[in-house]
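File shown: protein34.txt (compact mmCIF, C-alpha atoms (C1' of nucleotides)).
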```
# COMPACT_ATOMS: atom_id res chain seq x y z
CA MET A 10 11.01 -9.88 20.88
CA PRO A 11 8.30 -7.31 21.55
CA ARG A 12 8.33 -5.81 25.03
CA ALA A 13 5.71 -6.60 27.59
CA GLY A 14 5.83 -3.11 29.06
CA LEU A 15 6.14 -4.25 32.63
CA THR A 16 6.67 -1.97 35.59
CA PRO A 17 7.00 -2.83 39.26
CA SER A 18 3.42 -1.73 39.69
CA ARG A 19 2.13 -3.98 36.93
CA VAL A 20 4.06 -6.89 38.38
CA VAL A 21 2.35 -6.26 41.70
CA ASP A 22 -1.00 -6.13 39.89
CA ALA A 23 -0.35 -9.57 38.48
CA ALA A 24 0.85 -10.84 41.84
CA ILE A 25 -2.31 -9.68 43.54
CA GLU A 26 -4.48 -11.32 40.91
CA LEU A 27 -2.64 -14.55 41.56
CA VAL A 28 -3.04 -14.22 45.32
CA ASP A 29 -6.75 -13.53 44.92
CA LYS A 30 -7.20 -16.53 42.66
CA HIS A 31 -5.01 -19.15 44.31
CA GLY A 32 -3.93 -17.87 47.71
CA LEU A 33 -0.72 -16.40 49.03
CA PRO A 34 1.35 -19.60 48.78
CA ALA A 35 0.70 -19.60 45.02
CA LEU A 36 2.61 -16.34 44.71
CA THR A 37 5.74 -17.50 42.88
CA LEU A 38 7.89 -15.64 40.40
CA ALA A 39 7.25 -18.36 37.84
CA ALA A 40 3.51 -17.92 38.13
CA VAL A 41 3.72 -14.12 38.02
CA ALA A 42 5.98 -14.31 34.99
CA GLU A 43 3.62 -16.59 33.13
CA HIS A 44 0.71 -14.33 34.01
CA CYS A 45 2.68 -11.40 32.59
CA GLY A 46 3.70 -13.34 29.46
CA VAL A 47 7.35 -13.08 30.31
CA ALA A 48 10.19 -15.42 31.33
CA ALA A 49 10.78 -15.65 35.05
CA PRO A 50 14.21 -13.99 35.16
CA SER A 51 12.78 -10.95 33.39
CA LEU A 52 10.92 -10.05 36.55
CA TYR A 53 14.20 -9.23 38.24
CA LYS A 54 14.32 -6.09 36.10
CA HIS A 55 11.36 -4.79 38.08
CA VAL A 56 11.57 -6.48 41.44
CA SER A 57 14.65 -7.35 43.50
CA ASN A 58 13.58 -10.84 44.50
CA ILE A 59 10.60 -12.79 45.78
CA ALA A 60 10.81 -11.21 49.23
CA ASP A 61 10.70 -7.78 47.63
CA LEU A 62 7.64 -8.74 45.61
CA ARG A 63 5.89 -10.01 48.75
CA THR A 64 6.72 -6.73 50.47
CA LEU A 65 5.35 -4.71 47.57
CA VAL A 66 2.16 -6.77 47.62
CA GLY A 67 1.82 -6.24 51.36
CA ILE A 68 2.28 -2.51 51.01
CA ARG A 69 -0.22 -2.33 48.18
CA VAL A 70 -2.81 -4.13 50.27
CA MET A 71 -2.20 -1.92 53.28
CA GLU A 72 -2.55 1.16 51.14
CA GLU A 73 -5.81 -0.11 49.70
CA MET A 74 -7.11 -0.83 53.16
CA THR A 75 -6.12 2.58 54.43
CA ASP A 76 -7.74 4.27 51.44
CA SER A 77 -10.95 2.49 52.19
CA PHE A 78 -10.75 3.36 55.89
CA THR A 79 -10.06 6.97 55.15
CA ALA A 80 -13.03 7.18 52.83
CA THR A 81 -15.39 5.72 55.38
CA VAL A 82 -14.16 7.78 58.33
CA LEU A 83 -14.28 11.05 56.41
CA GLY A 84 -17.50 12.80 57.25
CA ARG A 85 -18.17 10.76 60.36
CA SER A 86 -17.17 11.24 63.93
CA GLY A 87 -17.41 9.70 67.36
CA THR A 88 -18.78 6.19 67.70
CA ASP A 89 -20.13 6.41 64.18
CA ALA A 90 -16.60 6.82 62.83
CA ILE A 91 -15.22 3.98 64.95
CA THR A 92 -18.04 1.66 63.97
CA SER A 93 -17.68 2.35 60.28
CA LEU A 94 -13.92 1.95 60.51
CA MET A 95 -14.19 -1.44 62.15
CA ARG A 96 -16.80 -2.54 59.64
CA ALA A 97 -14.62 -1.36 56.79
CA TYR A 98 -11.72 -3.41 58.11
CA ARG A 99 -13.79 -6.55 58.05
CA ALA A 100 -15.35 -5.62 54.72
CA TYR A 101 -11.97 -5.35 53.03
CA VAL A 102 -10.86 -8.69 54.37
CA THR A 103 -14.03 -10.52 53.38
CA ALA A 104 -13.87 -8.95 49.94
CA HIS A 105 -10.23 -10.05 49.49
CA PRO A 106 -9.54 -12.76 52.03
CA ALA A 107 -6.35 -14.05 50.48
CA ARG A 108 -4.79 -10.62 50.33
CA TYR A 109 -5.03 -10.19 54.06
CA ALA A 110 -2.44 -12.91 54.58
CA ALA A 111 0.04 -10.70 52.72
CA VAL A 112 -0.20 -7.97 55.34
CA PRO A 113 2.54 -8.22 57.96
CA VAL A 114 1.39 -8.16 61.52
CA ASN A 115 4.20 -5.86 62.64
CA PRO A 116 4.41 -3.22 59.90
CA LEU A 117 5.70 -0.48 62.17
CA HIS A 118 8.78 -2.54 62.91
CA GLN A 119 9.80 -3.18 59.35
CA GLN A 120 11.37 -0.31 57.52
CA GLU A 121 9.62 -1.00 54.22
CA TYR A 122 6.14 -1.10 55.74
CA ALA A 123 6.59 1.65 58.29
CA ALA A 124 5.06 4.42 56.18
CA SER A 125 1.98 2.41 55.28
CA GLY A 126 1.65 1.26 58.85
CA ARG A 127 1.80 4.76 60.21
CA ARG A 128 -0.74 5.92 57.68
CA MET A 129 -3.19 3.21 58.72
CA LEU A 130 -2.56 3.92 62.39
CA GLY A 131 -3.20 7.59 61.71
CA VAL A 132 -6.76 6.91 60.58
CA MET A 133 -7.52 5.13 63.83
CA GLN A 134 -5.93 7.88 65.86
CA ALA A 135 -7.97 10.46 64.00
CA ALA A 136 -11.17 8.56 64.62
CA LEU A 137 -10.36 8.45 68.33
CA ARG A 138 -9.45 12.12 68.56
CA PRO A 139 -12.80 13.29 69.99
CA TRP A 140 -12.16 11.28 73.14
CA GLN A 141 -8.95 13.14 73.85
CA LEU A 142 -7.41 10.09 75.48
CA ASP A 143 -4.07 10.54 77.18
CA GLU A 144 -1.11 8.76 75.64
CA ASN A 145 -1.27 5.69 77.84
CA GLU A 146 -5.00 5.27 77.41
CA LEU A 147 -4.70 5.78 73.68
CA ILE A 148 -2.14 2.98 73.40
CA HIS A 149 -4.31 0.46 75.21
CA THR A 150 -7.38 1.54 73.30
CA ILE A 151 -5.78 1.19 69.90
CA ARG A 152 -4.29 -2.15 70.88
CA ALA A 153 -7.70 -3.40 71.93
CA ALA A 154 -9.23 -2.30 68.66
CA ARG A 155 -6.46 -3.94 66.73
CA VAL A 156 -6.79 -7.19 68.62
CA ILE A 157 -10.50 -7.30 67.84
CA VAL A 158 -10.39 -6.35 64.17
CA HIS A 159 -7.31 -8.40 63.38
CA GLY A 160 -8.43 -11.34 65.48
CA PHE A 161 -11.83 -11.46 63.84
CA ALA A 162 -10.60 -10.72 60.34
CA SER A 163 -7.78 -13.23 60.37
CA LEU A 164 -10.08 -15.95 61.66
CA GLU A 165 -12.78 -15.14 59.14
CA ALA A 166 -10.38 -14.81 56.21
CA ALA A 167 -8.89 -18.21 56.93
CA GLY A 168 -12.27 -19.85 57.38
CA GLY A 169 -11.66 -20.13 61.08
CA PHE A 170 -15.28 -19.83 62.11
CA GLY A 171 -17.70 -22.69 61.79
CA LEU A 172 -20.91 -21.68 60.10
CA PRO A 173 -20.97 -18.27 58.47
CA HIS A 174 -24.29 -18.22 60.34
CA ASP A 175 -24.63 -15.03 62.36
CA LEU A 176 -21.07 -13.88 61.83
CA ASP A 177 -22.35 -10.35 61.33
CA GLU A 178 -23.96 -10.55 64.74
CA THR A 179 -20.73 -11.75 66.35
CA TYR A 180 -18.81 -8.86 64.84
CA GLU A 181 -21.39 -6.26 65.80
CA ARG A 182 -21.19 -7.54 69.36
CA LEU A 183 -17.44 -7.12 69.32
CA ILE A 184 -17.78 -3.59 68.02
CA ARG A 185 -20.21 -2.75 70.81
CA LEU A 186 -17.87 -4.41 73.26
CA PHE A 187 -15.05 -2.16 72.13
CA LEU A 188 -17.18 0.98 72.11
CA ALA A 189 -18.19 0.21 75.69
CA THR A 190 -14.58 0.69 76.76
CA LEU A 191 -14.55 4.28 75.53
CA PRO A 192 -15.61 6.97 77.96
CA PRO A 193 -18.88 8.74 76.99
CA LEU A 194 -18.28 11.78 74.85
CA MET B 4 24.83 -48.33 58.93
CA PRO B 5 23.55 -48.09 62.50
CA ARG B 6 19.93 -47.07 62.86
CA ALA B 7 18.88 -43.73 64.19
CA GLY B 8 15.81 -45.17 65.89
CA LEU B 9 13.44 -42.58 64.50
CA THR B 10 9.70 -42.64 64.98
CA PRO B 11 7.08 -40.18 63.76
CA SER B 12 6.98 -38.73 67.25
CA ARG B 13 10.75 -38.20 67.39
CA VAL B 14 10.65 -36.56 63.98
CA VAL B 15 8.04 -34.17 65.30
CA ASP B 16 10.24 -33.51 68.35
CA ALA B 17 13.06 -32.50 66.06
CA ALA B 18 10.72 -30.41 63.92
CA ILE B 19 9.48 -28.50 66.94
CA GLU B 20 13.00 -27.82 68.14
CA LEU B 21 13.75 -26.38 64.73
CA VAL B 22 10.64 -24.25 64.74
CA ASP B 23 11.48 -22.94 68.20
CA LYS B 24 15.00 -22.09 67.17
CA HIS B 25 14.54 -20.66 63.71
CA GLY B 26 10.84 -20.10 63.10
CA LEU B 27 8.23 -21.98 61.13
CA PRO B 28 9.64 -21.18 57.67
CA ALA B 29 12.84 -23.00 58.72
CA LEU B 30 10.89 -26.23 59.02
CA THR B 31 12.23 -28.17 56.04
CA LEU B 32 12.74 -31.88 55.62
CA ALA B 33 16.43 -31.29 54.96
CA ALA B 34 16.86 -29.44 58.24
CA VAL B 35 14.88 -32.01 60.22
CA ALA B 36 16.89 -34.81 58.64
CA GLU B 37 20.17 -33.18 59.54
CA HIS B 38 18.96 -32.58 63.07
CA CYS B 39 18.10 -36.28 63.31
CA GLY B 40 21.41 -37.35 61.78
CA VAL B 41 19.70 -38.96 58.81
CA ALA B 42 19.45 -38.42 55.07
CA ALA B 43 16.42 -36.46 53.97
CA PRO B 44 14.62 -39.25 52.10
CA SER B 45 14.77 -41.42 55.23
CA LEU B 46 12.17 -39.22 56.84
CA TYR B 47 9.59 -40.50 54.41
CA LYS B 48 9.62 -43.77 56.36
CA HIS B 49 8.03 -41.91 59.24
CA VAL B 50 6.14 -39.04 57.70
CA SER B 51 4.21 -38.94 54.43
CA ASN B 52 5.51 -35.60 53.21
CA ILE B 53 6.22 -32.08 54.36
CA ALA B 54 2.53 -31.24 54.63
CA ASP B 55 2.02 -34.24 56.87
CA LEU B 56 4.90 -33.17 59.08
CA ARG B 57 3.47 -29.68 59.39
CA THR B 58 0.13 -31.18 60.33
CA LEU B 59 1.72 -33.39 62.99
CA VAL B 60 3.54 -30.37 64.40
CA GLY B 61 0.31 -28.39 64.49
CA ILE B 62 -1.51 -31.19 66.28
CA ARG B 63 1.30 -31.59 68.79
CA VAL B 64 1.18 -27.89 69.60
CA MET B 65 -2.60 -27.89 69.95
CA GLU B 66 -2.41 -30.86 72.28
CA GLU B 67 0.22 -29.17 74.40
CA MET B 68 -1.89 -26.04 74.58
CA THR B 69 -4.98 -27.98 75.55
CA ASP B 70 -3.06 -29.89 78.23
CA SER B 71 -1.96 -26.63 79.72
CA PHE B 72 -5.48 -25.18 79.55
CA THR B 73 -6.97 -28.24 81.14
CA ALA B 74 -4.48 -28.10 83.98
CA THR B 75 -5.22 -24.49 84.72
CA VAL B 76 -9.00 -24.74 84.50
CA LEU B 77 -9.17 -27.83 86.71
CA GLY B 78 -10.00 -26.75 90.22
CA ARG B 79 -11.28 -23.34 89.18
CA SER B 80 -14.67 -22.13 88.15
CA GLY B 81 -16.58 -19.07 87.05
CA THR B 82 -14.67 -15.96 86.09
CA ASP B 83 -11.60 -17.38 87.78
CA ALA B 84 -11.56 -20.29 85.35
CA ILE B 85 -12.10 -18.05 82.34
CA THR B 86 -9.41 -15.65 83.44
CA SER B 87 -6.84 -18.37 84.02
CA LEU B 88 -7.72 -19.98 80.71
CA MET B 89 -7.18 -16.77 78.79
CA ARG B 90 -3.94 -16.12 80.62
CA ALA B 91 -2.77 -19.65 79.89
CA TYR B 92 -3.44 -19.14 76.20
CA ARG B 93 -1.22 -16.11 76.13
CA ALA B 94 1.37 -17.76 78.36
CA TYR B 95 1.78 -20.68 75.99
CA VAL B 96 2.19 -18.42 73.02
CA THR B 97 4.73 -16.15 74.69
CA ALA B 98 6.66 -19.18 75.90
CA HIS B 99 6.74 -20.67 72.38
CA PRO B 100 5.95 -17.90 69.95
CA ALA B 101 7.14 -19.67 66.83
CA ARG B 102 5.04 -22.73 67.53
CA TYR B 103 1.87 -20.75 67.47
CA ALA B 104 2.28 -20.12 63.76
CA ALA B 105 2.01 -23.89 63.24
CA VAL B 106 -1.51 -23.99 64.63
CA PRO B 107 -4.14 -23.78 61.91
CA VAL B 108 -6.81 -21.21 62.39
CA ASN B 109 -9.61 -23.49 61.26
CA PRO B 110 -8.85 -26.81 62.95
CA LEU B 111 -12.46 -27.94 63.15
CA HIS B 112 -12.70 -27.84 59.37
CA GLN B 113 -9.71 -30.01 58.66
CA GLN B 114 -10.13 -33.68 59.25
CA GLU B 115 -6.65 -34.19 60.74
CA TYR B 116 -7.01 -31.44 63.30
CA ALA B 117 -10.65 -31.96 64.16
CA ALA B 118 -10.06 -34.09 67.26
CA SER B 119 -7.51 -31.68 68.74
CA GLY B 120 -9.72 -28.76 67.88
CA ARG B 121 -12.74 -30.27 69.57
CA ARG B 122 -10.68 -31.09 72.64
CA MET B 123 -9.51 -27.50 72.94
CA LEU B 124 -13.01 -26.19 72.34
CA GLY B 125 -14.24 -28.55 75.04
CA VAL B 126 -12.13 -26.86 77.69
CA MET B 127 -13.64 -23.49 76.87
CA GLN B 128 -17.14 -24.90 76.86
CA ALA B 129 -16.50 -26.49 80.25
CA ALA B 130 -15.23 -23.25 81.67
CA LEU B 131 -18.38 -21.50 80.46
CA ARG B 132 -20.74 -24.17 81.78
CA PRO B 133 -21.72 -22.28 84.97
CA TRP B 134 -23.36 -19.59 82.89
CA GLN B 135 -25.71 -22.07 81.22
CA LEU B 136 -25.76 -20.04 78.04
CA ASP B 137 -28.18 -21.13 75.37
CA GLU B 138 -26.69 -22.47 72.16
CA ASN B 139 -26.80 -19.22 70.24
CA GLU B 140 -25.34 -17.20 73.09
CA LEU B 141 -22.64 -19.81 73.63
CA ILE B 142 -21.54 -19.58 70.01
CA HIS B 143 -21.15 -15.81 70.09
CA THR B 144 -19.44 -15.93 73.46
CA ILE B 145 -16.88 -18.51 72.41
CA ARG B 146 -16.25 -16.65 69.18
CA ALA B 147 -15.62 -13.45 71.08
CA ALA B 148 -13.19 -15.17 73.40
CA ARG B 149 -11.40 -16.71 70.48
CA VAL B 150 -11.13 -13.42 68.64
CA ILE B 151 -9.57 -11.83 71.69
CA VAL B 152 -7.10 -14.55 72.64
CA HIS B 153 -6.10 -15.36 69.08
CA GLY B 154 -5.98 -11.74 68.06
CA PHE B 155 -3.77 -10.77 70.95
CA ALA B 156 -1.61 -13.88 70.85
CA SER B 157 -0.98 -13.79 67.12
CA LEU B 158 -0.03 -10.14 67.28
CA GLU B 159 2.24 -10.63 70.27
CA ALA B 160 3.86 -13.79 68.90
CA ALA B 161 4.73 -12.03 65.67
CA GLY B 162 6.05 -8.94 67.42
CA GLY B 163 3.05 -6.98 66.26
CA PHE B 164 2.91 -4.67 69.23
CA GLY B 165 5.26 -1.76 69.61
CA LEU B 166 6.86 -1.63 73.01
CA PRO B 167 6.38 -4.68 75.23
CA HIS B 168 5.63 -1.89 77.71
CA ASP B 169 2.38 -2.56 79.52
CA LEU B 170 1.34 -5.47 77.36
CA ASP B 171 0.17 -7.30 80.47
CA GLU B 172 -2.10 -4.40 81.20
CA THR B 173 -3.53 -4.43 77.68
CA TYR B 174 -4.30 -8.12 77.95
CA GLU B 175 -5.86 -7.85 81.40
CA ARG B 176 -8.10 -5.13 80.03
CA LEU B 177 -9.20 -7.40 77.23
CA ILE B 178 -9.95 -10.18 79.70
CA ARG B 179 -12.08 -7.82 81.76
CA LEU B 180 -13.75 -6.63 78.60
CA PHE B 181 -14.70 -10.18 77.74
CA LEU B 182 -15.85 -11.04 81.24
CA ALA B 183 -18.09 -8.00 81.17
CA THR B 184 -20.09 -9.59 78.36
CA LEU B 185 -21.01 -12.55 80.53
CA PRO B 186 -24.18 -12.30 82.60
CA PRO B 187 -23.54 -12.23 86.36
CA LEU B 188 -23.57 -15.67 87.91
C1' DA C 14 20.02 -69.78 62.20
C1' DT C 15 17.12 -68.14 58.80
C1' DC C 16 13.84 -65.15 56.85
C1' DT C 17 10.99 -61.13 56.52
C1' DT C 18 10.25 -56.59 57.48
C1' DT C 19 11.64 -52.08 57.38
C1' DA C 20 14.78 -48.24 58.38
C1' DG C 21 18.20 -46.47 56.35
C1' DC C 22 20.89 -45.22 51.93
C1' DT C 23 22.10 -43.18 46.94
C1' DA C 24 20.56 -41.58 42.65
C1' DT C 25 17.52 -38.96 40.24
C1' DG C 26 13.69 -35.79 38.66
C1' DT C 27 10.98 -31.62 39.23
C1' DC C 28 10.16 -27.04 40.64
C1' DC C 29 11.44 -22.54 42.29
C1' DA C 30 14.71 -18.67 43.19
C1' DA C 31 18.54 -16.48 41.61
C1' DT C 32 22.62 -14.93 38.75
C1' DA C 33 25.40 -14.36 34.53
C1' DG C 34 25.73 -12.81 30.27
C1' DC C 35 23.73 -11.92 25.71
C1' DT C 36 20.41 -9.48 22.35
C1' DT C 37 17.18 -6.25 20.95
C1' DT C 38 14.02 -2.76 21.73
C1' DT C 39 13.39 1.94 22.78
C1' DA C 40 14.06 6.49 23.35
C1' DA C 41 17.38 10.53 23.62
C1' DG C 42 20.27 13.48 21.29
C1' DA C 43 23.48 14.90 17.56
C1' DT D 30 17.45 10.74 10.39
C1' DC D 31 21.12 8.25 12.41
C1' DT D 32 23.69 6.89 16.40
C1' DT D 33 24.08 5.27 20.71
C1' DA D 34 23.29 4.09 25.52
C1' DA D 35 20.09 2.33 28.75
C1' DA D 36 17.23 -1.12 29.96
C1' DA D 37 13.89 -4.86 29.07
C1' DG D 38 13.74 -8.97 27.54
C1' DC D 39 15.98 -13.69 26.66
C1' DT D 40 18.63 -18.47 27.51
C1' DA D 41 21.64 -21.12 30.29
C1' DT D 42 22.95 -22.53 34.62
C1' DT D 43 23.38 -23.21 39.68
C1' DG D 44 21.67 -24.43 44.20
C1' DG D 45 18.18 -25.86 47.39
C1' DA D 46 13.80 -28.18 48.58
C1' DC D 47 10.40 -31.94 47.91
C1' DA D 48 9.64 -36.30 46.26
C1' DT D 49 10.11 -41.16 44.27
C1' DA D 50 12.56 -45.39 42.92
C1' DG D 51 15.13 -48.92 44.08
C1' DC D 52 18.90 -50.99 46.81
C1' DT D 53 21.13 -52.73 51.32
C1' DA D 54 21.53 -53.96 55.82
C1' DA D 55 19.77 -53.97 60.57
C1' DA D 56 16.46 -56.02 63.68
C1' DG D 57 12.80 -58.79 65.03
C1' DA D 58 10.13 -63.24 64.41
C1' DT D 59 9.89 -68.07 63.69
```

Take the structure from the file and write it as structure tokens.
Amino acid sequence: MPRAGLTPSRVVDAAIELVDKHGLPALTLAAVAEHCGVAAPSLYKHVSNIADLRTLVGIRVMEEMTDSFTATVLGRSGTDAITSLMRAYRAYVTAHPARYAAVPVNPLHQQEYAASGRRMLGVMQAALRPWQLDENELIHTIRAARVIVHGFASLEAAGGFGLPHDLDETYERLIRLFLATLPPL
Amino acid sequence: MPRAGLTPSRVVDAAIELVDKHGLPALTLAAVAEHCGVAAPSLYKHVSNIADLRTLVGIRVMEEMTDSFTATVLGRSGTDAITSLMRAYRAYVTAHPARYAAVPVNPLHQQEYAASGRRMLGVMQAALRPWQLDENELIHTIRAARVIVHGFASLEAAGGFGLPHDLDETYERLIRLFLATLPPL
DNA sequence: ATCTTTAGCTATGTCCAATAGCTTTTAAGA
DNA sequence: TCTTAAAAGCTATTGGACATAGCTAAAGAT
């Protein structure tokens, strides 16, 4: 009975591979266990239950997204930073469409996701800092950005648009649309 | 053994009540059967399987949405029609948040939903008719509208926004944002 | 009144999540 | 090096959901 050397993190790795390959609904403990070369109940040594695993996957994905956003915003500012951030959002989702379904839509309201959610929010707030928006304006502005990036990304990830034809153009228009709501610097 | 008098439509009625009460994940054949006062396997006389039931629920919801959109757009035109259509979209989703999760994001690409999807799309196209947009422009315009209404509605339905505080204002801003992309009439 | 259709039923199989309880690896410490 | 305790794996089992097979009785048609 040699050990497989699992850890929660390696279980999440396997889970994400499964999600990438077969979609979020294919994320079952049985499938993860087989992928890890282990019997299903063994996973409970590393993960509390299937809900916990889904949460860990969601957090992992959010962290990956935030890492990517941080990298792209660093060294940019103003509209350049906002544009690259919005492009990076879409880029992550097109690169890993199935993963995006694992991200909860209300992370700030769920204890387990709150930290990741705040971290992601922080990048957007930082990118908007040059505008020095007051609190009320900042809320509406961030909401608008979120509606656009999430709306577009969730539709694209799920194949919600007809032809891929000109999807870049549609997204660039939406970015310009959003930038137009910001006061000139 | 008196009969329950089920039909596919009445099964969908029960399914939608369940979804409204306990959310989409609570839509199981066992729960629907109990709600109908019938044993679970009896449902297979009216519905092919759980996937079929989910599809029927999704179609029902899309039809309801389109009915509401049609009613609100009739007798209006121009920006007034667009505004009322976008408000109606949100209004349906806030009135029945759980149902919205049953609507597929890519209806035009799934045979079973295609008719409902085209009908809904038709309302939007009709509302945009006064602008006489060329085909390319029409595609981008409809996509932008969809991103905004779906993005906002899916976030709101899932509790994705923080405080409900000022959500009306956020949405009205997005409507104005979209209208601003349309050429003046 | 009879016959056919079909809407219901029970029984059963499969799959997944989850728990209980056992065994063996592994690593820490005497 | 030997002992021992923690923990990582296992098998067995339960419960719930979907699904099918095959039976029975209600309801409509002739």

Radius query 10 Å about (-12.5, -16.8, 77.1), atoms used: only C-alpha atoms (C1' of nucleotides), as a VMD selection string: chain B and resid 82 84 to 90 92 127 to 128 130 to 131 144 to 152 177 to 178 181 to 182

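When atom CA of His99 of chain B is paired with atom CA of Gly160 of chain A, their separation reads 19.1 Å.
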
Proximal residues of chain B relative to chain A (only C-alpha atoms; 10 Å) as a ChimeraX atom specification: /B:107-112,139-140,142-165,169-170,172-174,176-177,180-181,183-184

Using only C-alpha atoms (C1' of nucleotides), I'd like a table of the residues in chain D that come within 12 Å of chain A; for each, show the closest atom pair and its distance in Å rounded to one decimal, ordered by chain and ascending number, as JSON lines.
```
{"residue": "D:DA36", "atom": "C1'", "partner": "A:Lys54", "partner_atom": "CA", "distance": 8.4}
{"residue": "D:DA37", "atom": "C1'", "partner": "A:Arg12", "partner_atom": "CA", "distance": 6.9}
{"residue": "D:DG38", "atom": "C1'", "partner": "A:Ser51", "partner_atom": "CA", "distance": 6.3}
{"residue": "D:DC39", "atom": "C1'", "partner": "A:Ala48", "partner_atom": "CA", "distance": 7.6}
{"residue": "D:DT40", "atom": "C1'", "partner": "A:Ala48", "partner_atom": "CA", "distance": 9.8}
{"residue": "D:DA41", "atom": "C1'", "partner": "A:Pro50", "partner_atom": "CA", "distance": 11.4}
```

Spatial neighbours of DG57 of chain D, max dist 10 Å, all atoms listed in the file, sep filter under 2 positions, as a PyMOL selection string: (chain C and resi 17-18) or (chain D and resi 55+59)

Could you save the residues just selected, with C-alpha atoms (C1' of nucleotides), as a short mmCIF file (atom, residue, chain, number, x, y, z; two decimals), in the coordinates of the input?
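Printed below is result_8.cif as written:
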```
data_model
loop_
_atom_site.label_atom_id
_atom_site.label_comp_id
_atom_site.auth_asym_id
_atom_site.auth_seq_id
_atom_site.Cartn_x
_atom_site.Cartn_y
_atom_site.Cartn_z
"C1'" DT C 17 10.99 -61.13 56.52
"C1'" DT C 18 10.25 -56.59 57.48
"C1'" DA D 55 19.77 -53.97 60.57
"C1'" DT D 59 9.89 -68.07 63.69
#
```

Separation of atom CA of Tyr95 of chain B from atom CA of Glu67 of chain B, in Å and rounded to one decimal: 8.8 Å

Shell of 12 Å around DT49 of chain D, all atoms listed in the file, local chain residues under 3 positions omitted, as a list in words: Pro44, Ser45, Tyr47, Ser51 and Asn52 of chain B; DA24, DT25, DG26 and DT27 of chain C

Fill-in result for segment 133-144 of chain A, N, CA, C and O atoms as a PDB file, in the coordinates of the input:
```pdb
ATOM      1  N   MET A 133      -6.922   5.536  62.553  1.00  0.00           N
ATOM      2  CA  MET A 133      -7.520   5.130  63.830  1.00  0.00           C
ATOM      3  C   MET A 133      -7.356   6.219  64.870  1.00  0.00           C
ATOM      4  O   MET A 133      -8.297   6.536  65.608  1.00  0.00           O
ATOM      5  N   GLN A 134      -6.160   6.799  64.894  1.00  0.00           N
ATOM      6  CA  GLN A 134      -5.930   7.880  65.860  1.00  0.00           C
ATOM      7  C   GLN A 134      -6.880   9.049  65.605  1.00  0.00           C
ATOM      8  O   GLN A 134      -7.438   9.629  66.540  1.00  0.00           O
ATOM      9  N   ALA A 135      -7.074   9.350  64.337  1.00  0.00           N
ATOM     10  CA  ALA A 135      -7.970  10.460  64.000  1.00  0.00           C
ATOM     11  C   ALA A 135      -9.391  10.156  64.455  1.00  0.00           C
ATOM     12  O   ALA A 135     -10.079  11.011  65.014  1.00  0.00           O
ATOM     13  N   ALA A 136      -9.809   8.915  64.240  1.00  0.00           N
ATOM     14  CA  ALA A 136     -11.170   8.560  64.620  1.00  0.00           C
ATOM     15  C   ALA A 136     -11.366   8.638  66.139  1.00  0.00           C
ATOM     16  O   ALA A 136     -12.471   8.872  66.631  1.00  0.00           O
ATOM     17  N   LEU A 137     -10.265   8.432  66.863  1.00  0.00           N
ATOM     18  CA  LEU A 137     -10.360   8.450  68.330  1.00  0.00           C
ATOM     19  C   LEU A 137     -10.159   9.844  68.917  1.00  0.00           C
ATOM     20  O   LEU A 137     -10.305  10.035  70.125  1.00  0.00           O
ATOM     21  N   ARG A 138      -9.818  10.801  68.057  1.00  0.00           N
ATOM     22  CA  ARG A 138      -9.450  12.120  68.560  1.00  0.00           C
ATOM     23  C   ARG A 138     -10.502  12.745  69.486  1.00  0.00           C
ATOM     24  O   ARG A 138     -10.148  13.311  70.521  1.00  0.00           O
ATOM     25  N   PRO A 139     -11.795  12.632  69.136  1.00  0.00           N
ATOM     26  CA  PRO A 139     -12.800  13.290  69.990  1.00  0.00           C
ATOM     27  C   PRO A 139     -12.721  12.896  71.458  1.00  0.00           C
ATOM     28  O   PRO A 139     -13.139  13.664  72.321  1.00  0.00           O
ATOM     29  N   TRP A 140     -12.178  11.730  71.736  1.00  0.00           N
ATOM     30  CA  TRP A 140     -12.160  11.280  73.140  1.00  0.00           C
ATOM     31  C   TRP A 140     -11.007  11.923  73.927  1.00  0.00           C
ATOM     32  O   TRP A 140     -10.987  11.825  75.132  1.00  0.00           O
ATOM     33  N   GLN A 141     -10.081  12.485  73.197  1.00  0.00           N
ATOM     34  CA  GLN A 141      -8.950  13.140  73.850  1.00  0.00           C
ATOM     35  C   GLN A 141      -8.301  12.260  74.917  1.00  0.00           C
ATOM     36  O   GLN A 141      -8.091  12.684  76.055  1.00  0.00           O
ATOM     37  N   LEU A 142      -8.029  11.034  74.539  1.00  0.00           N
ATOM     38  CA  LEU A 142      -7.410  10.090  75.480  1.00  0.00           C
ATOM     39  C   LEU A 142      -5.964  10.495  75.720  1.00  0.00           C
ATOM     40  O   LEU A 142      -5.294  11.003  74.814  1.00  0.00           O
ATOM     41  N   ASP A 143      -5.492  10.263  76.943  1.00  0.00           N
ATOM     42  CA  ASP A 143      -4.070  10.540  77.180  1.00  0.00           C
ATOM     43  C   ASP A 143      -3.249   9.439  76.516  1.00  0.00           C
ATOM     44  O   ASP A 143      -3.773   8.423  76.076  1.00  0.00           O
ATOM     45  N   GLU A 144      -1.956   9.644  76.457  1.00  0.00           N
ATOM     46  CA  GLU A 144      -1.110   8.760  75.640  1.00  0.00           C
ATOM     47  C   GLU A 144      -1.244   7.302  76.050  1.00  0.00           C
ATOM     48  O   GLU A 144      -1.401   6.421  75.208  1.00  0.00           O
TER      49      GLU A 144
END
```
